[in-house]
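Text of my_file_17.pdb (PDB, C-alpha atoms, pLDDT in the B column) as supplied:
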ATOM      1  CA  MET O  10      -0.668  35.183  93.754  1.00 44.00           C
ATOM      2  CA  LYS O  11       2.822  33.695  93.582  1.00 44.00           C
ATOM      3  CA  PHE O  12       3.446  35.310  90.213  1.00 43.00           C
ATOM      4  CA  ALA O  13       2.117  38.641  91.511  1.00 46.00           C
ATOM      5  CA  SER O  14       4.595  38.497  94.381  1.00 47.00           C
ATOM      6  CA  ILE O  15       7.400  37.646  91.988  1.00 46.00           C
ATOM      7  CA  ALA O  16       6.408  40.557  89.756  1.00 46.00           C
ATOM      8  CA  VAL O  17       6.579  42.989  92.650  1.00 44.00           C
ATOM      9  CA  ALA O  18       9.966  41.687  93.705  1.00 50.00           C
ATOM     10  CA  LEU O  19      11.332  41.828  90.174  1.00 46.00           C
ATOM     11  CA  THR O  20      10.051  45.367  89.628  1.00 51.00           C
ATOM     12  CA  LEU O  21      11.575  46.573  92.896  1.00 49.00           C
ATOM     13  CA  PHE O  22      14.910  44.990  92.003  1.00 50.00           C
ATOM     14  CA  ALA O  23      14.897  46.495  88.509  1.00 50.00           C
ATOM     15  CA  GLN O  24      13.986  49.968  89.796  1.00 55.00           C
ATOM     16  CA  THR O  25      16.537  50.099  92.580  1.00 54.00           C
ATOM     17  CA  SER O  26      19.422  48.259  90.902  1.00 57.00           C
ATOM     18  CA  ALA O  27      19.687  50.959  88.277  1.00 60.00           C
ATOM     19  CA  PHE O  28      20.742  53.372  91.021  1.00 65.00           C
ATOM     20  CA  ALA O  29      22.714  50.887  93.115  1.00 62.00           C
ATOM     21  CA  PRO O  30      26.476  51.396  93.502  1.00 56.00           C
ATOM     22  CA  ASN O  31      28.617  48.536  92.212  1.00 51.00           C
ATOM     23  CA  THR O  32      31.014  48.130  95.100  1.00 46.00           C
ATOM     24  CA  ALA O  33      33.046  45.492  93.287  1.00 42.00           C
ATOM     25  CA  LEU O  34      34.282  48.059  90.784  1.00 38.00           C
ATOM     26  CA  PRO O  35      37.053  50.571  91.556  1.00 39.00           C
ATOM     27  CA  ALA O  36      36.616  54.323  91.521  1.00 38.00           C
ATOM     28  CA  LEU O  37      37.365  55.916  88.153  1.00 34.00           C
ATOM     29  CA  SER O  38      38.581  59.302  89.270  1.00 38.00           C
ATOM     30  CA  SER O  39      40.385  61.229  91.989  1.00 37.00           C
ATOM     31  CA  ARG O  40      39.349  64.342  93.828  1.00 36.00           C
ATOM     32  CA  VAL O  41      39.191  67.717  92.167  1.00 38.00           C
ATOM     33  CA  ALA O  42      42.640  69.292  92.153  1.00 38.00           C
ATOM     34  CA  GLN O  43      44.364  72.605  91.687  1.00 39.00           C
ATOM     35  CA  ILE O  44      47.978  73.202  90.638  1.00 34.00           C
ATOM     36  CA  ASN O  45      49.992  76.037  92.126  1.00 38.00           C
ATOM     37  CA  THR O  46      53.058  77.748  90.701  1.00 36.00           C
ATOM     38  CA  ASN O  47      55.357  75.180  92.300  1.00 37.00           C
ATOM     39  CA  ASN O  48      53.597  72.351  90.459  1.00 37.00           C
ATOM     40  CA  ASN O  49      52.088  71.070  93.690  1.00 36.00           C
ATOM     41  CA  ILE O  50      48.749  69.372  93.143  1.00 32.00           C
ATOM     42  CA  ILE O  51      46.391  70.490  95.895  1.00 36.00           C
ATOM     43  CA  VAL O  52      43.420  68.167  96.289  1.00 38.00           C
ATOM     44  CA  ASN O  53      40.236  69.801  97.546  1.00 43.00           C
ATOM     45  CA  ASN O  54      39.058  68.332 100.856  1.00 42.00           C
ATOM     46  CA  GLY O  55      42.096  66.076 100.918  1.00 39.00           C
ATOM     47  CA  PRO O  56      45.877  65.825 101.363  1.00 35.00           C
ATOM     48  CA  VAL O  57      48.480  67.587  99.247  1.00 32.00           C
ATOM     49  CA  ILE O  58      50.123  65.482  96.541  1.00 32.00           C
ATOM     50  CA  VAL O  59      53.356  66.676  94.944  1.00 33.00           C
ATOM     51  CA  SER O  60      54.153  65.674  91.383  1.00 36.00           C
ATOM     52  CA  ASN O  61      56.361  67.073  88.616  1.00 39.00           C
ATOM     53  CA  ASP O  62      55.204  64.535  86.048  1.00 42.00           C
ATOM     54  CA  ASN O  63      53.938  66.419  82.991  1.00 43.00           C
ATOM     55  CA  THR O  64      51.279  63.818  82.228  1.00 39.00           C
ATOM     56  CA  SER O  65      49.925  64.010  85.774  1.00 39.00           C
ATOM     57  CA  LEU O  66      49.898  67.792  85.683  1.00 40.00           C
ATOM     58  CA  SER O  67      48.024  67.774  82.395  1.00 49.00           C
ATOM     59  CA  LEU O  68      45.435  65.366  83.762  1.00 46.00           C
ATOM     60  CA  PHE O  69      44.833  67.323  86.949  1.00 47.00           C
ATOM     61  CA  GLY O  70      44.902  70.620  85.077  1.00 59.00           C
ATOM     62  CA  SER O  71      42.130  69.385  82.800  1.00 62.00           C
ATOM     63  CA  ARG O  72      40.064  68.286  85.785  1.00 66.00           C
ATOM     64  CA  THR O  73      40.609  71.649  87.477  1.00 67.00           C
ATOM     65  CA  ARG O  74      39.339  73.491  84.404  1.00 68.00           C
ATOM     66  CA  LYS O  75      36.251  71.282  84.321  1.00 67.00           C
ATOM     67  CA  ALA O  76      35.635  71.808  88.035  1.00 68.00           C
ATOM     68  CA  LYS O  77      35.783  75.588  87.574  1.00 69.00           C
ATOM     69  CA  LYS O  78      33.288  75.323  84.718  1.00 72.00           C
ATOM     70  CA  PHE O  79      30.794  73.563  86.969  1.00 79.00           C
ATOM     71  CA  ASN O  80      31.405  75.839  89.965  1.00 80.00           C
ATOM     72  CA  ALA O  81      31.337  79.361  88.557  1.00 74.00           C
ATOM     73  CA  PRO O  82      30.199  82.173  90.874  1.00 74.00           C
ATOM     74  CA  ALA O  83      26.608  83.340  90.591  1.00 64.00           C
ATOM     75  CA  LYS O  84      26.267  85.958  87.875  1.00 58.00           C
ATOM     76  CA  VAL O  85      23.927  88.188  89.831  1.00 52.00           C
ATOM     77  CA  ASP O  86      23.574  89.115  93.475  1.00 61.00           C
ATOM     78  CA  GLY O  87      19.789  89.354  93.361  1.00 71.00           C
ATOM     79  CA  ALA O  88      17.203  86.629  93.901  1.00 85.00           C
ATOM     80  CA  ILE O  89      17.584  83.560  91.732  1.00 93.00           C
ATOM     81  CA  THR O  90      14.870  82.938  89.126  1.00 95.00           C
ATOM     82  CA  GLU O  91      12.920  79.722  88.522  1.00 96.00           C
ATOM     83  CA  LYS O  92      14.709  79.290  85.202  1.00 96.00           C
ATOM     84  CA  GLU O  93      18.064  79.605  86.949  1.00 96.00           C
ATOM     85  CA  VAL O  94      17.010  77.091  89.603  1.00 97.00           C
ATOM     86  CA  ARG O  95      16.099  74.548  86.935  1.00 97.00           C
ATOM     87  CA  SER O  96      19.406  75.225  85.186  1.00 96.00           C
ATOM     88  CA  LEU O  97      21.158  74.039  88.359  1.00 97.00           C
ATOM     89  CA  PHE O  98      19.730  70.568  87.679  1.00 98.00           C
ATOM     90  CA  GLU O  99      21.036  70.751  84.115  1.00 97.00           C
ATOM     91  CA  LEU O 100      24.449  71.750  85.461  1.00 97.00           C
ATOM     92  CA  TRP O 101      24.434  68.719  87.775  1.00 97.00           C
ATOM     93  CA  ASN O 102      23.304  66.519  84.892  1.00 97.00           C
ATOM     94  CA  ASP O 103      26.144  67.838  82.716  1.00 97.00           C
ATOM     95  CA  ALA O 104      28.521  66.997  85.559  1.00 97.00           C
ATOM     96  CA  LEU O 105      27.239  63.402  85.410  1.00 97.00           C
ATOM     97  CA  ALA O 106      28.082  63.345  81.704  1.00 97.00           C
ATOM     98  CA  THR O 107      31.770  64.009  82.448  1.00 96.00           C
ATOM     99  CA  GLY O 108      31.998  60.600  84.116  1.00 96.00           C
ATOM    100  CA  ASP O 109      34.086  62.219  86.865  1.00 97.00           C
ATOM    101  CA  SER O 110      32.715  61.618  90.371  1.00 97.00           C
ATOM    102  CA  SER O 111      34.902  64.398  91.779  1.00 97.00           C
ATOM    103  CA  ILE O 112      33.242  66.971  89.561  1.00 97.00           C
ATOM    104  CA  VAL O 113      29.778  65.703  90.476  1.00 97.00           C
ATOM    105  CA  ALA O 114      30.648  65.794  94.183  1.00 97.00           C
ATOM    106  CA  SER O 115      31.938  69.357  93.794  1.00 97.00           C
ATOM    107  CA  ARG O 116      28.384  70.456  92.950  1.00 97.00           C
ATOM    108  CA  TYR O 117      27.405  69.733  96.572  1.00 98.00           C
ATOM    109  CA  THR O 118      28.135  71.973  99.549  1.00 98.00           C
ATOM    110  CA  LYS O 119      30.895  71.301 102.050  1.00 97.00           C
ATOM    111  CA  SER O 120      28.361  69.740 104.421  1.00 97.00           C
ATOM    112  CA  PRO O 121      25.687  68.217 102.181  1.00 98.00           C
ATOM    113  CA  VAL O 122      23.045  65.579 102.793  1.00 98.00           C
ATOM    114  CA  LEU O 123      22.675  63.105  99.940  1.00 98.00           C
ATOM    115  CA  LEU O 124      19.984  60.485 100.543  1.00 97.00           C
ATOM    116  CA  ALA O 125      20.636  58.257  97.555  1.00 93.00           C
ATOM    117  CA  THR O 126      18.021  55.884  96.194  1.00 86.00           C
ATOM    118  CA  VAL O 127      19.408  52.580  97.450  1.00 78.00           C
ATOM    119  CA  SER O 128      22.063  53.598  99.942  1.00 86.00           C
ATOM    120  CA  ASP O 129      21.322  53.130 103.639  1.00 88.00           C
ATOM    121  CA  VAL O 130      24.052  55.609 104.557  1.00 93.00           C
ATOM    122  CA  PRO O 131      23.446  59.384 104.355  1.00 96.00           C
ATOM    123  CA  ARG O 132      26.295  60.992 102.412  1.00 97.00           C
ATOM    124  CA  THR O 133      27.367  64.083 104.338  1.00 98.00           C
ATOM    125  CA  ASP O 134      30.747  65.153 102.963  1.00 98.00           C
ATOM    126  CA  PHE O 135      32.758  65.292  99.752  1.00 98.00           C
ATOM    127  CA  ALA O 136      34.314  61.848 100.170  1.00 97.00           C
ATOM    128  CA  THR O 137      31.070  59.961 100.784  1.00 97.00           C
ATOM    129  CA  VAL O 138      29.199  61.772  98.001  1.00 98.00           C
ATOM    130  CA  LYS O 139      32.050  60.990  95.616  1.00 97.00           C
ATOM    131  CA  ASP O 140      32.013  57.364  96.763  1.00 96.00           C
ATOM    132  CA  TYR O 141      28.376  56.985  95.717  1.00 96.00           C
ATOM    133  CA  PHE O 142      28.960  58.499  92.295  1.00 97.00           C
ATOM    134  CA  ASP O 143      32.113  56.434  91.709  1.00 96.00           C
ATOM    135  CA  ALA O 144      29.809  53.501  91.053  1.00 94.00           C
ATOM    136  CA  PHE O 145      26.688  55.271  89.774  1.00 95.00           C
ATOM    137  CA  LEU O 146      28.580  56.946  86.925  1.00 96.00           C
ATOM    138  CA  LEU O 147      29.615  53.541  85.573  1.00 95.00           C
ATOM    139  CA  LYS O 148      26.003  53.213  84.413  1.00 95.00           C
ATOM    140  CA  GLU O 149      26.456  56.383  82.286  1.00 96.00           C
ATOM    141  CA  PRO O 150      23.295  58.058  83.614  1.00 96.00           C
ATOM    142  CA  GLN O 151      21.619  61.042  82.014  1.00 97.00           C
ATOM    143  CA  GLY O 152      18.544  62.548  83.590  1.00 96.00           C
ATOM    144  CA  LYS O 153      15.665  64.778  82.614  1.00 97.00           C
ATOM    145  CA  VAL O 154      12.979  66.417  84.708  1.00 97.00           C
ATOM    146  CA  LEU O 155       9.498  65.149  83.861  1.00 97.00           C
ATOM    147  CA  GLU O 156       7.691  67.428  86.277  1.00 97.00           C
ATOM    148  CA  GLY O 157       8.878  69.675  89.046  1.00 97.00           C
ATOM    149  CA  ASN O 158       7.918  72.381  91.496  1.00 98.00           C
ATOM    150  CA  ILE O 159      10.324  75.204  92.315  1.00 98.00           C
ATOM    151  CA  SER O 160      10.286  77.314  95.458  1.00 97.00           C
ATOM    152  CA  ILE O 161      12.557  80.281  96.157  1.00 97.00           C
ATOM    153  CA  GLY O 162      13.360  81.916  99.477  1.00 95.00           C
ATOM    154  CA  GLU O 163      15.929  84.243 100.989  1.00 92.00           C
ATOM    155  CA  GLY O 164      19.264  82.623 100.145  1.00 91.00           C
ATOM    156  CA  TRP O 165      17.809  79.256  99.196  1.00 95.00           C
ATOM    157  CA  ALA O 166      15.839  77.498  96.476  1.00 97.00           C
ATOM    158  CA  SER O 167      14.281  74.062  96.090  1.00 98.00           C
ATOM    159  CA  ASP O 168      13.284  71.912  93.144  1.00 98.00           C
ATOM    160  CA  THR O 169      11.028  68.911  93.827  1.00 98.00           C
ATOM    161  CA  GLY O 170       9.390  66.516  91.405  1.00 98.00           C
ATOM    162  CA  ILE O 171       9.918  63.481  89.215  1.00 97.00           C
ATOM    163  CA  TYR O 172      12.897  62.784  86.980  1.00 97.00           C
ATOM    164  CA  GLU O 173      13.870  59.956  84.657  1.00 95.00           C
ATOM    165  CA  PHE O 174      17.315  58.553  84.012  1.00 95.00           C
ATOM    166  CA  THR O 175      18.508  56.757  80.919  1.00 95.00           C
ATOM    167  CA  MET O 176      21.427  54.483  81.718  1.00 94.00           C
ATOM    168  CA  GLY O 177      23.743  54.677  78.712  1.00 95.00           C
ATOM    169  CA  ALA O 178      25.558  51.489  79.708  1.00 94.00           C
ATOM    170  CA  THR O 179      22.388  49.359  79.550  1.00 92.00           C
ATOM    171  CA  GLY O 180      19.680  51.459  77.917  1.00 92.00           C
ATOM    172  CA  ASP O 181      17.478  51.122  81.015  1.00 90.00           C
ATOM    173  CA  LYS O 182      15.099  53.953  81.918  1.00 91.00           C
ATOM    174  CA  VAL O 183      14.279  54.592  85.568  1.00 91.00           C
ATOM    175  CA  LYS O 184      11.878  57.114  87.076  1.00 93.00           C
ATOM    176  CA  ALA O 185      12.317  58.474  90.589  1.00 95.00           C
ATOM    177  CA  ARG O 186      11.087  61.217  92.882  1.00 96.00           C
ATOM    178  CA  TYR O 187      13.601  63.931  93.702  1.00 98.00           C
ATOM    179  CA  THR O 188      14.250  66.904  95.950  1.00 98.00           C
ATOM    180  CA  TYR O 189      17.109  69.373  95.555  1.00 98.00           C
ATOM    181  CA  ASN O 190      17.657  72.131  98.083  1.00 98.00           C
ATOM    182  CA  TYR O 191      20.142  74.746  96.899  1.00 98.00           C
ATOM    183  CA  VAL O 192      22.044  77.364  98.898  1.00 97.00           C
ATOM    184  CA  LYS O 193      24.706  79.853  97.900  1.00 94.00           C
ATOM    185  CA  GLU O 194      28.104  78.846  99.302  1.00 95.00           C
ATOM    186  CA  ASP O 195      31.093  81.130  98.705  1.00 93.00           C
ATOM    187  CA  GLY O 196      29.066  82.912  96.038  1.00 92.00           C
ATOM    188  CA  ILE O 197      28.192  79.680  94.191  1.00 94.00           C
ATOM    189  CA  TRP O 198      24.779  77.979  94.120  1.00 96.00           C
ATOM    190  CA  LYS O 199      25.271  74.394  95.295  1.00 97.00           C
ATOM    191  CA  ILE O 200      23.237  71.383  96.404  1.00 98.00           C
ATOM    192  CA  GLN O 201      22.819  71.271 100.173  1.00 98.00           C
ATOM    193  CA  HIS O 202      20.221  68.488 100.273  1.00 98.00           C
ATOM    194  CA  HIS O 203      19.453  65.865  97.610  1.00 98.00           C
ATOM    195  CA  HIS O 204      16.895  63.108  98.119  1.00 97.00           C
ATOM    196  CA  SER O 205      15.989  60.516  95.494  1.00 96.00           C
ATOM    197  CA  SER O 206      13.568  57.589  95.798  1.00 93.00           C
ATOM    198  CA  VAL O 207      11.913  55.106  93.451  1.00 87.00           C
ATOM    199  CA  MET O 208       8.284  55.514  92.399  1.00 88.00           C
ATOM    200  CA  PRO O 209       6.201  53.746  95.096  1.00 83.00           C
ATOM    201  CA  GLU O 210       3.113  52.968  92.999  1.00 76.00           C
ATOM    202  CA  GLU O 211       5.129  51.220  90.316  1.00 67.00           C
ATOM    203  CA  ILE O 212       6.621  48.993  93.011  1.00 60.00           C
ATOM    204  CA  ALA O 213       3.280  48.264  94.681  1.00 52.00           C
ATOM    205  CA  MET O 214       1.326  47.514  91.503  1.00 54.00           C
ATOM    206  CA  GLY O 215       4.048  45.657  89.689  1.00 57.00           C
ATOM    207  CA  LYS O 216       3.847  44.607  86.048  1.00 59.00           C
ATOM    208  CA  ALA O 217       2.920  41.431  84.218  1.00 62.00           C
ATOM    209  CA  ILE O 218       5.855  39.058  84.401  1.00 65.00           C
ATOM    210  CA  THR O 219       7.148  37.087  81.409  1.00 69.00           C
ATOM    211  CA  GLU O 220       8.502  33.547  81.326  1.00 72.00           C
ATOM    212  CA  ASP O 221      12.001  34.905  80.683  1.00 70.00           C
ATOM    213  CA  GLU O 222      11.695  37.149  83.729  1.00 73.00           C
ATOM    214  CA  VAL O 223      10.588  34.214  85.865  1.00 76.00           C
ATOM    215  CA  ARG O 224      13.621  32.242  84.732  1.00 78.00           C
ATOM    216  CA  SER O 225      15.845  35.251  85.453  1.00 77.00           C
ATOM    217  CA  LEU O 226      14.740  35.057  89.093  1.00 81.00           C
ATOM    218  CA  PHE O 227      16.498  31.716  89.314  1.00 84.00           C
ATOM    219  CA  SER O 228      19.649  33.320  87.894  1.00 79.00           C
ATOM    220  CA  LEU O 229      19.329  36.109  90.423  1.00 83.00           C
ATOM    221  CA  TRP O 230      19.107  33.593  93.270  1.00 87.00           C
ATOM    222  CA  ASN O 231      22.010  31.615  91.802  1.00 87.00           C
ATOM    223  CA  ASP O 232      24.151  34.751  91.631  1.00 83.00           C
ATOM    224  CA  ALA O 233      23.333  35.400  95.286  1.00 83.00           C
ATOM    225  CA  LEU O 234      24.613  31.911  96.117  1.00 87.00           C
ATOM    226  CA  ALA O 235      27.886  32.746  94.355  1.00 86.00           C
ATOM    227  CA  THR O 236      28.486  35.631  96.768  1.00 85.00           C
ATOM    228  CA  GLU O 237      28.592  33.132  99.678  1.00 86.00           C
ATOM    229  CA  ASP O 238      26.735  35.773 101.700  1.00 83.00           C
ATOM    230  CA  PRO O 239      23.720  34.293 103.573  1.00 84.00           C
ATOM    231  CA  LYS O 240      22.058  37.688 103.840  1.00 77.00           C
ATOM    232  CA  LYS O 241      22.095  38.191 100.076  1.00 77.00           C
ATOM    233  CA  VAL O 242      20.707  34.699  99.515  1.00 76.00           C
TER
END
As structure tokens, please, write out the structure in this file.
Amino acid sequence: MKFASIAVALTLFAQTSAFAPNTALPALSSRVAQINTNNNIIVNNGPVIVSNDNTSLSLFGSRTRKAKKFNAPAKVDGAITEKEVRSLFELWNDALATGDSSIVASRYTKSPVLLATVSDVPRTDFATVKDYFDAFLLKEPQGKVLEGNISIGEGWASDTGIYEFTMGATGDKVKARYTYNYVKEDGIWKIQHHHSSVMPEEIAMGKAITEDEVRSLFSLWNDALATEDPKKV
């Protein structure tokens, strides 16, 4: 029974840690920017930054071009198709591949709800969505839909099912349940609601634990001691 309990705990940690933000690491990217004719860099959802440095302008110009690529207006005014709804996931997944949290966050509406897998805090604006992906992108995630159900209504669409992520930084594979609700904002289909959660049966049933995994539980506890945080211990 003790080993069964350990197995459940280890499985839960492995499942959720793959999605967990690493708060000790700094953000890799800034917000999506635009450059006007006066070489002023205008940051979306943020303050205006003025710079005449050619290197800075090149960097922000490249990010602006990428942002436009991932936020092109809808090609048709009619109802969206199931194929087009699924392509919105692929667009989001391609945004992950850029490694730029600003571009990923730009795929969400101005007032989104992101219920991330291991975050207790609902992410409800550009800054908080970006904050989550600052850390998640360090794992180099790439996802694929294993099974999904698409619904389409007047001005909205939803895609619900199971996806799997491969973490390029570690090689780990993690399955999770997902829900995307899409709406058209300023002529662009964006994510209004995104919910992701680990697979409950895999947590409840657990898997056979190895001797190495048992020993790793000691290391996990020891690392918690190093944080000097009683709650983590």
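Note on the selection: in this file the PyMOL selection byres ((chain O and resi 150) around 10) comes out as Ala27, Phe28, Asn102, Leu105, Ala106, Gly108, Phe145, Leu146, Leu147, Lys148, Glu149, Gln151, Gly152, Glu173, Phe174, Thr175, Met176, Gly177, Ala178, Thr179, Gly180, Asp181, Lys182 and Val183 of chain O.
Residues within 9 Å of stretch 96-101 of chain O, counting all atoms listed in the file and excluding same-chain residues fewer than 3 positions away, are Phe79, Glu91, Lys92, Glu93, Ala104, Leu105, Ala106, Val113, Arg116, Gly152, Lys153, Val154, Asp168, Tyr189, Tyr191, Trp198, Lys199 and Ile200 of chain O.
Note that atom CA of O:Val207 and atom CA of O:Val127 are 8.9 Å apart.
Residue membership of the PyMOL selection byres ((chain O and resi 130-143) around 7) in the shown file amounts to Pro30, Ala36, Leu37, Ser110, Ser111, Ala114, Lys119, Ser120, Pro121, Val122, Leu123, Leu124, Ser128, Asp129, Ala144, Phe145 and Leu146 of chain O.
Taking atom CA of O:Ile197 and atom CA of O:Ala88 as endpoints, the distance between them is 13.0 Å.
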Atom pair atom CA of O:Leu229 / atom CA of O:Thr126: separation (Å): 20.6 Å
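Using only C-alpha atoms, the nearest neighbour of O:Ala185 within the list O:Ala235, O:Ile89, O:Ala166, O:Ala125 is O:Ala125.
The shortest atom-to-atom distance to O:Pro82, with only C-alpha atoms taken into account, belongs to O:Lys193 out of O:Lys193, O:Arg95, O:Arg186, O:His204.
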